[in-house]
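Worksheet: one structure, shown below.
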Protein chains: 2
Amino acid sequence: MNSTLEVYFLPELTTAENLAGKTVVVIDVLRATTTIAHALAAGARQVFVCETVDEARELAATLPGSLLGGERGGVRIEGFDLGNSPTEYAPEVVRGKTVIFTTTNGTRAMRVAGQARQLLLGAFVNFSAVCDALRREPAISGAIVLLCAGTDRQVTREDVLFAGAVTDELCRAGGFRINDQAAIAADAWRVAARDLRGAAPLAETLRETRGGQNLIDLGLERDIAIAADIDRLTHVPRVDTANWSVL
Amino acid sequence: MNSTLEVYFLPELTTAENLAGKTVVVIDVLRATTTIAHALAAGARQVFVCETVDEARELAATLPGSLLGGERGGVRIEGFDLGNSPTEYAPEVVRGKTVIFTTTNGTRAMRVAGQARQLLLGAFVNFSAVCDALRREPAISGAIVLLCAGTDRQVTREDVLFAGAVTDELCRAGGFRINDQAAIAADAWRVAARDLRGAAPLAETLRETRGGQNLIDLGLERDIAIAADIDRLTHVPRVDTANWSVL
């Protein structure tokens, strides 16, 4: 089979041209893709992802009743209704609502994938659902890309571990040509998974990562446990790149 | 201890400012750092690393008796005496000679480290010697960086595996704070090392990498076995960034 599975550790390591026509999964485990998945699972009508704070505010002004959410430097933006913690997107808050969302890293990764054939959002909370969605893809697009968001243009281990987990799972059945970053990610995940079998929960591994350390420093440690709750959700958010809405 | 050990998968993932004052090991396993180590072990008087072909030719014109070596696209440059295969740098060819060397990726990585306190070249052929040199460093510089050259601005697994091997070795004694890329590299190496204990030689792993595949396509497969010959050499090349000579 000629299907390819590529991993990129950062958006800067690929180009819009390379992603065009492919099935792309954007990964920002701590926390954008985890939080968006939770918001939709909690009944949000849709989520719009915006690159800048101004863009988010302008869109909100045209959509009465919408909620503004997101972060800069990990903390809620002034005047916004919600930050970037999954816990804030509870059913009683977001059910039936449109959420307008902006985060630094996750959003930038999505924008690089603007010409993708299909753009999905992945995190440990919807791991198996993402794998199931991708298993149907090779026959359609022939090319899958797992795109890690990173933090401030630095590689973050939590995103690479998730990319590795998906690579490991999809490659069990064989048939993929993978790039070097995919091989590295899968090996990194295999070591982490061995630790998991040794009963250390994934949250402990995520605490050690750059993203985990940032959250601990911000007093947001509970978000790590939520992000490490593998397969808590069954929905795979899909981004419509025509208007950057996520359903 | 407050020593840091950072890995960068590509020169583009760090900056000259971040490397300033640190002990930096540039890694281009296939093949620049392997070949330079072999050239010096074979008795070359010194190696000058040049960024461009023109720069190399100009320097050669001022150094009668010197040898021009290097590659573009993996093959010997027109009019050059030598390519980028370790086998070409045999004692009978290079002993006592000055070599003027230019390769695409290794040289670019070295130039980013122009303000390093100390700049070393590492590859599997001098693995233990590099580790021994670095064990003395924390007390001096307090900061070690393992800088992978990659290929054409893409991450290559062979460089990451070597960075991981060094990280794994140095961290056994504890005392280093490491970045996420170092943790990923060390885990990737641990999986490869497990395969090695299962009797698959390192050359088999390197054959699968992007760099390995390039060499196979160019008919240069024998260079992979040479690059995989762990601890064949005991010398650690050191770059003088004042004039880009390597001793």
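We name chains A, B, ... following the order of the structure tokens; residues begin at 1 in each chain, and ligands are numbered from 1 as shown.
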
Taking only C-alpha atoms into account and nothing else, which residues of chain A lie no more than 6 Å away from chain B? Please answer as JSON, numbers by chain.
{"A": [156, 157, 180, 184, 187, 188, 191]}

According to DSSP computed on the backbone, where in region 72-173 of chain A is there alpha helix (DSSP H)? Give the residues as number ranges by chain.
A: 91-94, 104-112, 127-135, 157-171

Put those residues in a file: N, CA, C and O atoms, as a compact mmCIF listing (two decimals), in the first residue's frame.
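Full text of result_32.txt as output:
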# COMPACT_ATOMS: atom_id res chain seq x y z
N PRO A 91 -21.51 21.45 30.51
CA PRO A 91 -22.81 21.50 29.80
C PRO A 91 -23.67 22.70 30.20
O PRO A 91 -24.26 23.34 29.33
N GLU A 92 -23.73 22.99 31.48
CA GLU A 92 -24.60 24.10 31.91
C GLU A 92 -24.12 25.46 31.39
O GLU A 92 -24.88 26.42 31.34
N VAL A 93 -22.88 25.52 30.97
CA VAL A 93 -22.33 26.78 30.46
C VAL A 93 -22.44 26.86 28.94
O VAL A 93 -22.80 27.91 28.38
N VAL A 94 -22.12 25.78 28.24
CA VAL A 94 -21.94 25.88 26.78
C VAL A 94 -23.04 25.22 25.96
O VAL A 94 -23.07 25.40 24.73
N THR A 104 -2.93 30.40 21.41
CA THR A 104 -1.74 30.77 20.66
C THR A 104 -1.31 29.67 19.69
O THR A 104 -1.18 29.88 18.49
N ASN A 105 -1.09 28.48 20.23
CA ASN A 105 -0.39 27.46 19.46
C ASN A 105 -1.32 26.59 18.62
O ASN A 105 -1.06 26.33 17.46
N GLY A 106 -2.43 26.14 19.23
CA GLY A 106 -3.36 25.28 18.51
C GLY A 106 -3.91 25.96 17.27
O GLY A 106 -3.99 25.37 16.19
N THR A 107 -4.25 27.23 17.43
CA THR A 107 -4.84 27.94 16.30
C THR A 107 -3.84 28.11 15.16
O THR A 107 -4.18 27.93 13.99
N ARG A 108 -2.59 28.41 15.51
CA ARG A 108 -1.59 28.56 14.45
C ARG A 108 -1.40 27.26 13.68
O ARG A 108 -1.29 27.26 12.45
N ALA A 109 -1.42 26.14 14.39
CA ALA A 109 -1.28 24.85 13.70
C ALA A 109 -2.45 24.61 12.75
O ALA A 109 -2.25 24.16 11.62
N MET A 110 -3.66 24.95 13.20
CA MET A 110 -4.82 24.73 12.31
C MET A 110 -4.72 25.56 11.04
O MET A 110 -5.06 25.11 9.95
N ARG A 111 -4.22 26.78 11.18
CA ARG A 111 -4.16 27.67 10.01
C ARG A 111 -3.19 27.17 8.94
O ARG A 111 -3.41 27.38 7.75
N VAL A 112 -2.13 26.50 9.35
CA VAL A 112 -1.19 25.93 8.37
C VAL A 112 -1.89 24.84 7.55
O VAL A 112 -1.53 24.57 6.41
N PHE A 127 -8.66 9.67 21.79
CA PHE A 127 -7.65 8.87 21.09
C PHE A 127 -8.24 7.78 20.19
O PHE A 127 -7.97 7.74 18.99
N SER A 128 -9.05 6.91 20.74
CA SER A 128 -9.57 5.79 19.93
C SER A 128 -10.50 6.28 18.83
O SER A 128 -10.52 5.71 17.72
N ALA A 129 -11.25 7.33 19.11
CA ALA A 129 -12.15 7.87 18.09
C ALA A 129 -11.34 8.44 16.92
O ALA A 129 -11.72 8.27 15.75
N VAL A 130 -10.22 9.10 17.22
CA VAL A 130 -9.35 9.62 16.16
C VAL A 130 -8.78 8.46 15.34
O VAL A 130 -8.78 8.49 14.11
N CYS A 131 -8.31 7.43 16.02
CA CYS A 131 -7.74 6.27 15.31
C CYS A 131 -8.79 5.63 14.40
O CYS A 131 -8.49 5.28 13.26
N ASP A 132 -10.02 5.49 14.92
CA ASP A 132 -11.07 4.89 14.10
C ASP A 132 -11.35 5.75 12.87
O ASP A 132 -11.53 5.22 11.77
N ALA A 133 -11.39 7.06 13.06
CA ALA A 133 -11.64 7.95 11.92
C ALA A 133 -10.52 7.83 10.89
O ALA A 133 -10.77 7.82 9.68
N LEU A 134 -9.29 7.71 11.37
CA LEU A 134 -8.15 7.66 10.44
C LEU A 134 -8.06 6.32 9.72
O LEU A 134 -7.57 6.26 8.60
N ARG A 135 -8.52 5.27 10.36
CA ARG A 135 -8.43 3.95 9.71
C ARG A 135 -9.21 3.92 8.40
O ARG A 135 -8.91 3.16 7.51
N ARG A 157 6.56 17.54 24.48
CA ARG A 157 6.53 16.08 24.52
C ARG A 157 5.11 15.53 24.54
O ARG A 157 4.85 14.46 24.00
N GLU A 158 4.18 16.23 25.18
CA GLU A 158 2.82 15.69 25.28
C GLU A 158 2.18 15.54 23.89
O GLU A 158 1.47 14.56 23.63
N ASP A 159 2.45 16.49 23.00
CA ASP A 159 1.88 16.40 21.65
C ASP A 159 2.57 15.29 20.85
O ASP A 159 1.92 14.54 20.11
N VAL A 160 3.89 15.17 21.02
CA VAL A 160 4.64 14.12 20.31
C VAL A 160 4.20 12.74 20.80
O VAL A 160 4.06 11.80 20.01
N LEU A 161 3.95 12.61 22.10
CA LEU A 161 3.50 11.31 22.64
C LEU A 161 2.15 10.92 22.05
O LEU A 161 1.94 9.75 21.69
N PHE A 162 1.25 11.88 21.92
CA PHE A 162 -0.04 11.54 21.32
C PHE A 162 0.13 11.15 19.85
O PHE A 162 -0.46 10.15 19.39
N ALA A 163 0.94 11.91 19.11
CA ALA A 163 1.20 11.55 17.71
C ALA A 163 1.80 10.14 17.64
O ALA A 163 1.47 9.34 16.75
N GLY A 164 2.68 9.82 18.59
CA GLY A 164 3.29 8.50 18.62
C GLY A 164 2.28 7.41 18.94
O GLY A 164 2.34 6.31 18.37
N ALA A 165 1.35 7.71 19.83
CA ALA A 165 0.33 6.72 20.18
C ALA A 165 -0.54 6.39 18.96
O ALA A 165 -0.85 5.23 18.69
N VAL A 166 -0.91 7.42 18.20
CA VAL A 166 -1.74 7.20 17.00
C VAL A 166 -0.92 6.45 15.94
O VAL A 166 -1.42 5.51 15.31
N THR A 167 0.34 6.85 15.75
CA THR A 167 1.20 6.17 14.78
C THR A 167 1.33 4.70 15.14
O THR A 167 1.18 3.81 14.29
N ASP A 168 1.60 4.43 16.40
CA ASP A 168 1.77 3.06 16.89
C ASP A 168 0.51 2.23 16.60
O ASP A 168 0.57 1.11 16.09
N GLU A 169 -0.63 2.83 16.90
CA GLU A 169 -1.90 2.12 16.73
C GLU A 169 -2.19 1.84 15.25
O GLU A 169 -2.53 0.72 14.87
N LEU A 170 -2.01 2.85 14.39
CA LEU A 170 -2.34 2.68 12.97
C LEU A 170 -1.36 1.74 12.28
O LEU A 170 -1.73 1.02 11.35
N CYS A 171 -0.10 1.76 12.73
CA CYS A 171 0.92 0.96 12.04
C CYS A 171 0.86 -0.52 12.42
O CYS A 171 1.50 -1.34 11.77

Shortest contact to Gln46 (chain A), candidates A:Arg31, A:Gly114, A:Gly96, A:Ser3, atoms counted only C-alpha atoms, goes to A:Gly96

Can you work out the spacing between CA of Cys148 (chain B) and CA of Glu88 (chain B) in Å, to one decimal?
23.8 Å

Applying 9 Å and only C-alpha atoms, which residues near Gly69 (chain A) remain after dropping the ones on its own chain fewer than 5 positions away? List them as JSON, numbers by chain.
{"A": [56, 76, 77, 80, 81, 82, 83, 84, 99, 100, 101, 102, 103]}

May I have the residues from that selection written out with N, CA, C and O atoms, as a compact mmCIF listing (two decimals), in the first residue's frame?
# COMPACT_ATOMS: atom_id res chain seq x y z
N ALA A 56 -11.30 37.45 17.29
CA ALA A 56 -12.31 36.78 18.11
C ALA A 56 -13.36 37.78 18.59
O ALA A 56 -14.57 37.52 18.53
N ARG A 76 -6.75 33.27 31.00
CA ARG A 76 -7.92 33.82 30.34
C ARG A 76 -7.64 35.24 29.84
O ARG A 76 -6.97 36.03 30.52
N ILE A 77 -8.18 35.55 28.68
CA ILE A 77 -7.97 36.87 28.09
C ILE A 77 -8.95 37.86 28.73
O ILE A 77 -10.12 37.53 28.97
N PHE A 80 -12.92 38.13 28.33
CA PHE A 80 -13.44 36.88 27.77
C PHE A 80 -14.30 36.16 28.83
O PHE A 80 -14.09 36.33 30.04
N ASP A 81 -15.27 35.38 28.34
CA ASP A 81 -16.15 34.65 29.24
C ASP A 81 -15.45 33.45 29.86
O ASP A 81 -15.72 33.08 31.00
N LEU A 82 -14.57 32.81 29.07
CA LEU A 82 -13.97 31.55 29.48
C LEU A 82 -12.49 31.52 29.13
O LEU A 82 -12.05 32.19 28.19
N GLY A 83 -11.72 30.72 29.87
CA GLY A 83 -10.30 30.53 29.57
C GLY A 83 -10.08 29.32 28.68
O GLY A 83 -10.85 29.08 27.75
N ASN A 84 -9.07 28.55 28.97
CA ASN A 84 -8.73 27.38 28.16
C ASN A 84 -8.69 26.10 29.01
O ASN A 84 -7.99 25.16 28.69
N VAL A 99 -19.23 29.00 20.63
CA VAL A 99 -18.03 29.43 21.35
C VAL A 99 -17.04 30.00 20.34
O VAL A 99 -16.77 29.39 19.31
N ILE A 100 -16.51 31.17 20.64
CA ILE A 100 -15.47 31.77 19.79
C ILE A 100 -14.17 31.68 20.58
O ILE A 100 -14.05 32.23 21.67
N PHE A 101 -13.21 30.97 19.98
CA PHE A 101 -12.07 30.45 20.74
C PHE A 101 -10.76 30.90 20.10
O PHE A 101 -10.59 30.85 18.89
N THR A 102 -9.82 31.33 20.91
CA THR A 102 -8.49 31.64 20.37
C THR A 102 -7.42 31.21 21.37
O THR A 102 -7.50 31.51 22.56
N THR A 103 -6.47 30.44 20.88
CA THR A 103 -5.30 30.09 21.68
C THR A 103 -4.08 30.29 20.79
O THR A 103 -4.19 30.32 19.57
